[in-house]
>>> print(open('work-v3.cif').read())   # mmCIF, C-alpha atoms
data_work
#
loop_
_atom_site.label_atom_id
_atom_site.label_comp_id
_atom_site.auth_asym_id
_atom_site.auth_seq_id
_atom_site.Cartn_x
_atom_site.Cartn_y
_atom_site.Cartn_z
CA MET C 121 -15.14 4.68 -9.31
CA SER C 122 -14.83 1.17 -10.75
CA GLN C 123 -14.02 2.63 -14.19
CA GLU C 124 -11.27 4.73 -12.66
CA LYS C 125 -9.80 1.55 -11.17
CA HIS C 126 -9.96 -0.04 -14.61
CA GLY C 127 -8.03 2.93 -16.00
CA THR C 128 -5.43 2.63 -13.24
CA LEU C 129 -5.12 -1.11 -13.91
CA ILE C 130 -4.45 -0.49 -17.61
CA ASP C 131 -1.87 2.21 -16.84
CA ARG C 132 -0.03 -0.05 -14.38
CA LEU C 133 -0.11 -3.03 -16.73
CA ILE C 134 1.38 -0.88 -19.51
CA LYS C 135 4.10 0.49 -17.24
CA LYS C 136 5.07 -2.90 -15.77
CA THR C 137 5.04 -4.60 -19.17
CA GLN C 138 7.19 -1.83 -20.63
CA ASP C 139 9.79 -2.24 -17.90
CA ARG C 140 9.58 -6.03 -18.37
CA SER C 141 8.42 -6.74 -14.81
CA LEU C 142 5.49 -8.69 -16.23
CA GLU C 143 5.84 -11.71 -18.47
CA TRP C 144 2.64 -12.33 -20.44
CA LYS C 145 1.80 -15.80 -21.71
CA THR C 146 -0.18 -17.02 -24.70
CA SER C 147 -3.64 -18.24 -23.84
CA LEU C 148 -5.31 -21.41 -25.06
CA LEU C 149 -7.70 -19.13 -26.91
CA GLU C 150 -6.14 -17.91 -30.15
CA GLY C 151 -4.96 -14.31 -30.15
CA ARG C 152 -5.37 -13.87 -26.41
CA TYR C 153 -2.57 -13.15 -23.97
CA GLN C 154 -2.72 -13.49 -20.22
CA ILE C 155 -0.78 -12.58 -17.14
CA SER C 156 -1.35 -14.41 -13.87
CA PHE C 157 -0.82 -13.00 -10.42
CA ARG C 158 -1.07 -14.71 -7.02
CA ASP C 159 -4.80 -15.49 -7.22
CA ASN C 160 -6.05 -13.77 -10.36
CA THR C 161 -5.41 -13.48 -14.06
CA VAL C 162 -5.81 -10.69 -16.63
CA ARG C 163 -6.39 -11.66 -20.26
CA ILE C 164 -6.40 -9.33 -23.25
CA HIS C 165 -7.59 -9.75 -26.82
CA MET C 166 -8.54 -7.68 -29.81
CA VAL C 167 -11.51 -8.27 -32.06
CA ASP C 168 -11.15 -6.75 -35.50
CA GLY C 169 -14.11 -4.91 -36.95
CA GLY C 170 -16.00 -7.22 -39.29
CA ASP C 171 -14.60 -10.38 -37.67
CA ASP C 172 -17.04 -13.24 -37.29
CA GLY C 173 -19.02 -12.73 -34.15
CA SER C 174 -18.03 -9.08 -33.72
CA PRO C 175 -21.08 -6.85 -33.46
CA PHE C 176 -18.94 -3.76 -34.08
CA GLU C 177 -17.45 -2.31 -37.22
CA ASN C 178 -14.40 -0.93 -35.46
CA PRO C 179 -11.76 -3.07 -33.78
CA MET C 180 -12.25 -3.42 -30.05
CA VAL C 181 -9.87 -4.39 -27.28
CA TYR C 182 -11.14 -6.48 -24.37
CA LEU C 183 -9.53 -6.99 -21.00
CA GLU C 184 -10.86 -9.90 -18.95
CA LEU C 185 -10.46 -10.18 -15.19
CA ILE C 186 -10.35 -13.85 -14.22
CA ASN C 187 -10.82 -15.10 -10.67
CA ASP C 188 -9.00 -17.85 -8.77
CA GLU C 189 -11.28 -20.53 -10.23
CA GLY C 190 -10.51 -19.56 -13.82
CA ILE C 191 -13.87 -17.90 -14.38
CA VAL C 192 -14.07 -14.54 -16.20
CA ALA C 193 -15.44 -12.24 -13.51
CA GLU C 194 -15.44 -9.02 -15.52
CA THR C 195 -14.74 -7.79 -19.03
CA ILE C 196 -13.59 -4.27 -19.82
CA ASN C 197 -13.52 -2.84 -23.32
CA ASP C 198 -12.12 0.37 -24.76
CA GLU C 199 -15.50 1.78 -25.84
CA GLU C 200 -16.91 1.55 -22.31
CA LEU C 201 -13.85 3.28 -20.92
CA ASP C 202 -13.94 6.00 -23.60
CA ARG C 203 -17.58 6.57 -22.67
CA ASP C 204 -17.14 6.45 -18.88
CA ILE C 205 -13.76 8.16 -18.54
CA PRO C 206 -13.69 10.64 -21.41
CA VAL C 207 -10.23 12.11 -21.94
CA GLU C 208 -9.86 12.60 -25.66
CA LYS C 209 -11.27 10.78 -28.67
CA HIS C 210 -10.28 7.08 -28.70
CA PHE C 211 -7.95 7.68 -25.74
CA TRP C 212 -8.61 4.28 -24.13
CA PHE C 213 -8.66 2.51 -27.48
CA LYS C 214 -5.11 3.77 -28.08
CA LYS C 215 -4.05 2.77 -24.57
CA MET C 216 -5.58 -0.68 -24.74
CA THR C 217 -4.21 -1.28 -28.23
CA SER C 218 -0.79 -0.33 -26.91
CA LEU C 219 -1.23 -2.76 -23.98
CA PHE C 220 -2.38 -5.51 -26.35
CA GLU C 221 0.70 -5.00 -28.53
CA LEU C 222 2.99 -4.99 -25.47
CA ALA C 223 1.34 -8.17 -24.16
CA ARG C 224 1.68 -9.87 -27.55
CA ARG C 225 5.35 -8.94 -27.80
CA SER C 226 5.98 -10.12 -24.23
CA ALA C 227 4.15 -13.44 -24.71
CA LEU C 228 5.82 -14.23 -28.02
CA GLY C 229 9.20 -12.99 -26.82
CA SER C 230 9.64 -10.42 -29.63
CA ASP C 231 11.80 -8.10 -27.54
CA LYS C 232 13.95 -11.00 -26.32
CA ILE C 233 14.46 -12.20 -29.91
CA LEU C 234 15.32 -8.67 -31.05
CA ASP C 235 17.81 -8.22 -28.18
CA GLU C 236 19.47 -11.57 -28.93
CA ILE C 237 19.76 -10.84 -32.66
CA LEU C 238 21.22 -7.41 -31.94
CA THR C 239 23.70 -8.96 -29.49
CA ASP C 240 24.66 -11.58 -32.09
CA LEU C 241 25.18 -8.84 -34.66
CA ASP C 242 27.31 -6.88 -32.18
CA ASP C 243 29.46 -9.97 -31.60
CA ASP C 244 30.44 -10.16 -35.26
CA VAL C 245 34.02 -8.99 -35.23
CA PRO C 246 35.15 -7.90 -38.69
CA PHE C 247 38.54 -9.35 -39.69
CA MET X 1 55.88 -21.95 60.55
CA TRP X 2 54.85 -19.83 57.55
CA GLU X 3 57.59 -20.98 55.20
CA ASN X 4 55.03 -22.59 52.94
CA GLU X 5 53.65 -19.86 50.63
CA PRO X 6 50.19 -21.40 49.88
CA CYS X 7 49.56 -21.93 53.59
CA ARG X 8 50.33 -18.30 54.25
CA ILE X 9 47.93 -17.16 51.52
CA GLY X 10 45.24 -19.60 52.76
CA PHE X 11 45.53 -18.34 56.34
CA GLY X 12 45.38 -14.73 55.11
CA PHE X 13 42.25 -15.51 53.10
CA ILE X 14 40.48 -17.19 56.04
CA LEU X 15 41.37 -14.24 58.29
CA ALA X 16 40.10 -11.75 55.72
CA MET X 17 36.83 -13.71 55.30
CA GLN X 18 36.37 -13.89 59.08
CA ILE X 19 36.77 -10.12 59.36
CA TYR X 20 34.41 -9.66 56.41
CA PHE X 21 31.71 -11.96 57.83
CA VAL X 22 31.99 -10.38 61.31
CA SER X 23 31.45 -6.95 59.74
CA LEU X 24 28.59 -8.41 57.64
CA LEU X 25 26.96 -9.85 60.78
CA GLU X 26 27.35 -6.51 62.58
CA TRP X 27 25.81 -4.71 59.65
CA ALA X 28 22.97 -7.27 59.46
CA LYS X 29 22.32 -6.92 63.21
CA ALA X 30 22.34 -3.14 62.97
CA ASN X 31 19.73 -3.32 60.23
CA ASN X 32 17.61 -6.00 62.01
CA LEU X 33 18.31 -8.50 59.24
CA ALA X 34 20.01 -11.20 61.31
CA SER X 35 20.97 -11.88 64.91
CA THR X 36 23.24 -14.96 64.67
CA TRP X 37 25.60 -16.66 62.23
CA SER X 38 22.89 -19.16 61.38
CA ASP X 39 20.76 -16.27 60.09
CA VAL X 40 23.63 -15.16 57.87
CA ALA X 41 24.11 -18.74 56.68
CA GLY X 42 20.38 -18.94 55.95
CA LEU X 43 20.56 -15.70 53.98
CA LEU X 44 23.53 -16.98 51.97
CA ILE X 45 21.79 -20.30 51.26
CA ALA X 46 18.68 -18.41 50.18
CA ILE X 47 20.75 -16.24 47.78
CA VAL X 48 22.59 -19.25 46.33
CA GLY X 49 19.34 -21.24 46.07
CA PHE X 50 17.53 -18.39 44.37
CA THR X 51 20.38 -17.96 41.87
CA ALA X 52 20.36 -21.70 41.15
CA THR X 53 16.58 -21.61 40.65
CA LEU X 54 16.86 -18.67 38.23
CA TYR X 55 19.57 -20.52 36.28
CA GLY X 56 17.33 -23.61 36.15
CA VAL X 57 14.38 -21.56 34.90
CA PHE X 58 16.50 -19.98 32.13
CA ARG X 59 17.81 -23.41 31.11
CA SER X 60 14.25 -24.83 31.00
CA LYS X 61 13.05 -21.85 28.95
CA ARG X 62 15.90 -22.29 26.47
CA ALA X 63 15.14 -26.04 26.24
CA ALA X 64 11.45 -25.25 25.60
CA VAL X 65 12.37 -22.74 22.86
CA LEU X 66 14.69 -25.30 21.24
CA ALA X 67 11.94 -27.95 21.39
CA GLN X 68 9.46 -25.50 19.82
CA GLU X 69 11.94 -24.66 17.04
CA ALA X 70 12.51 -28.36 16.38
CA ALA X 71 8.73 -28.99 16.22
CA GLN X 72 8.29 -26.03 13.83
CA SER X 73 11.12 -27.29 11.66
CA ALA X 74 9.53 -30.76 11.56
CA ARG X 75 6.17 -29.22 10.61
CA ASP X 76 7.84 -27.16 7.82
CA SER X 77 9.57 -30.29 6.53
CA ILE X 78 6.26 -32.16 6.39
CA ARG X 79 4.58 -29.23 4.58
CA LEU X 80 7.45 -29.03 2.12
CA PHE X 81 7.25 -32.78 1.54
CA ASP X 82 3.47 -32.52 0.98
CA ALA X 83 3.96 -29.63 -1.46
CA ILE X 84 6.61 -31.58 -3.39
CA THR X 85 4.33 -34.65 -3.51
CA ASN X 86 1.38 -32.56 -4.75
CA PHE X 87 3.51 -30.79 -7.39
CA SER X 88 4.92 -34.12 -8.60
CA ALA X 89 1.40 -35.60 -8.76
CA ALA X 90 0.08 -32.53 -10.62
CA ILE X 91 2.90 -32.71 -13.16
CA SER X 92 2.41 -36.43 -13.81
CA ILE X 93 -1.35 -35.97 -14.27
CA LEU X 94 -0.66 -33.11 -16.73
CA GLU X 95 1.76 -35.34 -18.64
CA GLU X 96 -0.85 -38.11 -18.73
CA ILE X 97 -3.49 -35.62 -19.98
CA ARG X 98 -1.07 -34.43 -22.66
CA ARG X 99 -0.57 -38.06 -23.84
CA THR X 100 -4.34 -38.63 -23.95
CA HIS X 101 -4.82 -35.45 -26.03
CA ARG X 102 -2.11 -36.60 -28.40
CA GLN X 103 -3.66 -40.06 -28.84
CA ASN X 104 -7.03 -38.38 -29.58
CA ASP X 105 -8.77 -41.66 -28.82
CA PRO X 106 -12.54 -41.18 -28.09
CA THR X 107 -12.49 -43.55 -25.08
CA GLY X 108 -9.48 -41.77 -23.58
CA LEU X 109 -10.97 -38.33 -24.26
CA ALA X 110 -14.21 -39.33 -22.51
CA ALA X 111 -12.27 -39.91 -19.30
CA LEU X 112 -10.54 -36.51 -19.48
CA PRO X 113 -13.05 -34.43 -17.47
CA GLU X 114 -12.26 -36.60 -14.44
CA ARG X 115 -8.53 -36.06 -14.96
CA TYR X 116 -9.06 -32.29 -15.24
CA ALA X 117 -10.95 -32.38 -11.93
CA ALA X 118 -8.09 -34.35 -10.34
CA ILE X 119 -5.40 -31.95 -11.51
CA ARG X 120 -7.43 -28.92 -10.47
CA LYS X 121 -7.83 -30.48 -7.00
CA HIS X 122 -4.06 -30.90 -6.67
CA LEU X 123 -3.41 -27.33 -7.80
CA ILE X 124 -6.04 -25.90 -5.44
CA LEU X 125 -4.52 -27.92 -2.58
CA LEU X 126 -1.11 -26.51 -3.43
CA ARG X 127 -2.43 -22.97 -3.48
CA ALA X 128 -4.20 -23.42 -0.15
CA SER X 129 -1.27 -25.22 1.48
CA PRO X 130 0.28 -23.49 4.51
CA MET X 131 3.64 -23.85 2.78
CA SER X 132 4.72 -20.30 1.96
CA LEU X 133 5.14 -20.02 -1.80
CA GLU X 134 6.48 -16.95 -3.57
CA ASP X 135 4.23 -14.77 -5.73
CA ASP X 136 5.62 -16.10 -9.03
CA GLN X 137 5.11 -19.68 -7.80
CA HIS X 138 1.48 -18.86 -6.97
CA ALA X 139 1.16 -17.22 -10.40
CA ALA X 140 2.38 -20.45 -12.08
CA ILE X 141 -0.38 -22.39 -10.28
CA GLN X 142 -3.02 -19.74 -11.11
CA ASN X 143 -1.98 -19.74 -14.79
CA ALA X 144 -2.28 -23.53 -14.97
CA LEU X 145 -5.73 -23.39 -13.30
CA VAL X 146 -7.00 -20.79 -15.79
CA ASN X 147 -5.69 -22.80 -18.74
CA LEU X 148 -7.20 -26.04 -17.41
CA PHE X 149 -10.55 -24.30 -16.96
CA ASP X 150 -10.46 -23.20 -20.63
CA ILE X 151 -9.25 -26.62 -21.83
CA GLU X 152 -11.94 -28.41 -19.83
CA LYS X 153 -14.67 -26.22 -21.35
CA ARG X 154 -13.37 -26.77 -24.88
CA VAL X 155 -12.94 -30.53 -24.52
CA GLU X 156 -16.36 -30.92 -22.89
CA LYS X 157 -17.94 -28.99 -25.77
CA ALA X 158 -16.04 -31.08 -28.32
CA LEU X 159 -17.12 -34.30 -26.57
CA ALA X 160 -20.76 -33.16 -26.44
CA ALA X 161 -20.74 -32.19 -30.13
CA LYS X 162 -18.63 -35.26 -31.01
CA ASN X 163 -16.08 -32.98 -32.62
CA ALA X 164 -12.34 -33.52 -32.78
CA ILE X 165 -10.02 -31.49 -30.53
CA ASN X 166 -6.88 -29.63 -31.59
CA PRO X 167 -4.28 -31.53 -29.51
CA ALA X 168 -1.30 -29.54 -30.80
CA ARG X 169 -2.60 -26.19 -29.51
CA ILE X 170 -3.89 -27.61 -26.22
CA ASN X 171 -0.67 -29.53 -25.58
CA ALA X 172 1.48 -26.47 -26.32
CA ILE X 173 -0.33 -24.66 -23.49
CA ILE X 174 -0.09 -27.67 -21.15
CA SER X 175 3.63 -28.05 -21.90
CA GLY X 176 4.16 -24.40 -20.90
CA ASP X 177 2.37 -25.04 -17.61
CA ILE X 178 4.35 -28.24 -16.98
CA ASP X 179 7.59 -26.26 -17.50
CA ASN X 180 6.47 -23.55 -15.06
CA LEU X 181 5.39 -26.09 -12.44
CA LEU X 182 8.66 -28.00 -12.88
CA THR X 183 10.55 -24.78 -12.15
CA VAL X 184 8.58 -24.41 -8.89
CA LEU X 185 9.12 -28.09 -8.03
CA THR X 186 12.88 -27.79 -8.62
CA LYS X 187 13.03 -24.75 -6.33
CA LEU X 188 11.10 -26.62 -3.61
CA LYS X 189 13.46 -29.60 -3.90
CA VAL X 190 16.46 -27.28 -3.57
CA ASP X 191 14.84 -25.79 -0.44
CA GLN X 192 14.26 -29.30 0.91
CA GLY X 193 17.92 -30.18 0.29
CA ALA X 194 19.03 -26.99 2.04
CA SER X 195 16.85 -27.65 5.08
CA LYS X 196 18.33 -31.14 5.65
#
>>> encode(input="work-v3.cif", output="structure tokens")
Amino acid sequence: MSQEKHGTLIDRLIKKTQDRSLEWKTSLLEGRYQISFRDNTVRIHMVDGGDDGSPFENPMVYLELINDEGIVAETINDEELDRDIPVEKHFWFKKMTSLFELARRSALGSDKILDEILTDLDDDVPF
Amino acid sequence: MWENEPCRIGFGFILAMQIYFVSLLEWAKANNLASTWSDVAGLLIAIVGFTATLYGVFRSKRAAVLAQEAAQSARDSIRLFDAITNFSAAISILEEIRRTHRQNDPTGLAALPERYAAIRKHLILLRASPMSLEDDQHAAIQNALVNLFDIEKRVEKALAAKNAINPARINAIISGDIDNLLTVLTKLKVDQGASK
């Protein structure tokens, strides 16, 4: 039941980030991006396989649920979801990687930069 | 005798009223409501008095509603003022913390945990305040609280291990939070200006 809610959370975060309703922010912790709501925060990060401190060979994506005091209340990772909600091989890894990339782009403003550059290029009137 | 037009109208009116009241008295007698003119007069006084009382009650009710609205408005103004004061205090503490990080002086850094506690207190007060904030304003407070929690942990660890901190990274995060809180503060000040 809880895992299904995790899946729903990831789906909604992807959808809302895609339609730019959510604006992720960079976290103090390097390579982590977070989005705060009224009383809670969601933080995402990816640990590459072979990174220092990573017990896994494959990259893993982690989603942290942070409470109103700033404490990490729960951590979700793609392997747990792929085990608990089997859909197809690496289904949740692909989803969470996609969410991580969307969060990174939102926090760093990649889409905004791209839009502005494209607008600037459109404004160039050839004489 | 009746050359004067207003006199003629006045006499006609009195005659008409007399006929009307005589018929009213007859009707009242027939229905056992009154037996003399004084009964009719009493009935009329009662009707007029009752109407006046009703009017007075409505006026009092309206005055009470207006007083309640004024009290509510005063309460809202006080809450808004408190929120603005707390936001301003939170922002100045964050700016002070940012300066201390930048100076990277061991004595200043040792006092930081107390400053983190102070800023967290202000932010928690703001979140719990009865002042109705919008969701994105709450989110700005929540984001600052999460960042301060992380910063506090890192600085405490660095102080315990006598390691240096990375002020540039920490201050970049704090600056983002100051900007977000300033946006909320500006909005509150605009609301305060509009309510005056």
>>> atom_distance(input="work-v3.cif", atom1="CA of Phe81 in chain X", atom2="CA of Glu134 in chain X")
16.7 Å
>>> resolve_selection(input="work-v3.cif", expression="the PyMOL selection byres ((chain X) within 10 of (chain C))", output="PyMOL selection string")
chain X and resi 120+124+127+133-151+154+169-174+176
>>> resolve_selection(input="work-v3.cif", expression="the PyMOL selection byres ((chain X and resi 83) around 9)", output="VMD selection string")
chain X and resid 78 to 82 84 to 88 125 to 126 129 131 185 188
>>> closest_residue(input="work-v3.cif", among="C:Glu199, C:Thr137, C:His165, C:Thr128", to="Leu222 in chain C", atoms="all atoms listed in the file")
C:Thr137
>>> resolve_selection(input="work-v3.cif", expression="the PyMOL selection byres ((chain X and resi 166) around 10)", output="list in words")
His101, Arg102, Asn104, Arg154, Val155, Ala158, Asn163, Ala164, Ile165, Pro167, Ala168, Arg169, Ile170 and Asn171 of chain X
>>> residues_around(input="work-v3.cif", residues="Ala118 in chain X", least_positions_apart="2", cutoff="12 Å", atoms="only C-alpha atoms", output="list in words")
Asn86, Ala89, Ala90, Ile91, Ser92, Ile93, Leu94, Glu96, Ile97, Ala111, Leu112, Pro113, Glu114, Arg115, Tyr116, Arg120, Lys121, His122, Leu123, Ile124, Leu125, Leu145, Leu148 and Glu152 of chain X
>>> atom_distance(input="work-v3.cif", atom1="CA of Ile196 in chain C", atom2="CA of Phe220 in chain C")
13.0 Å
>>> residues_around(input="work-v3.cif", residues="range 15-31 of chain X", least_positions_apart="6", cutoff="12 Å", atoms="all atoms listed in the file", output="PyMOL selection string")
chain X and resi 8-9+37-41+43-44
>>> residues_around(input="work-v3.cif", residues="Leu133 in chain C", least_positions_apart="5", cutoff="9 Å", atoms="all atoms listed in the file", output="MDAnalysis selection string")
chainID C and resid 128 138 142 219
>>> atom_distance(input="work-v3.cif", atom1="CA of Arg75 in chain X", atom2="CA of Val190 in chain X")
17.6 Å
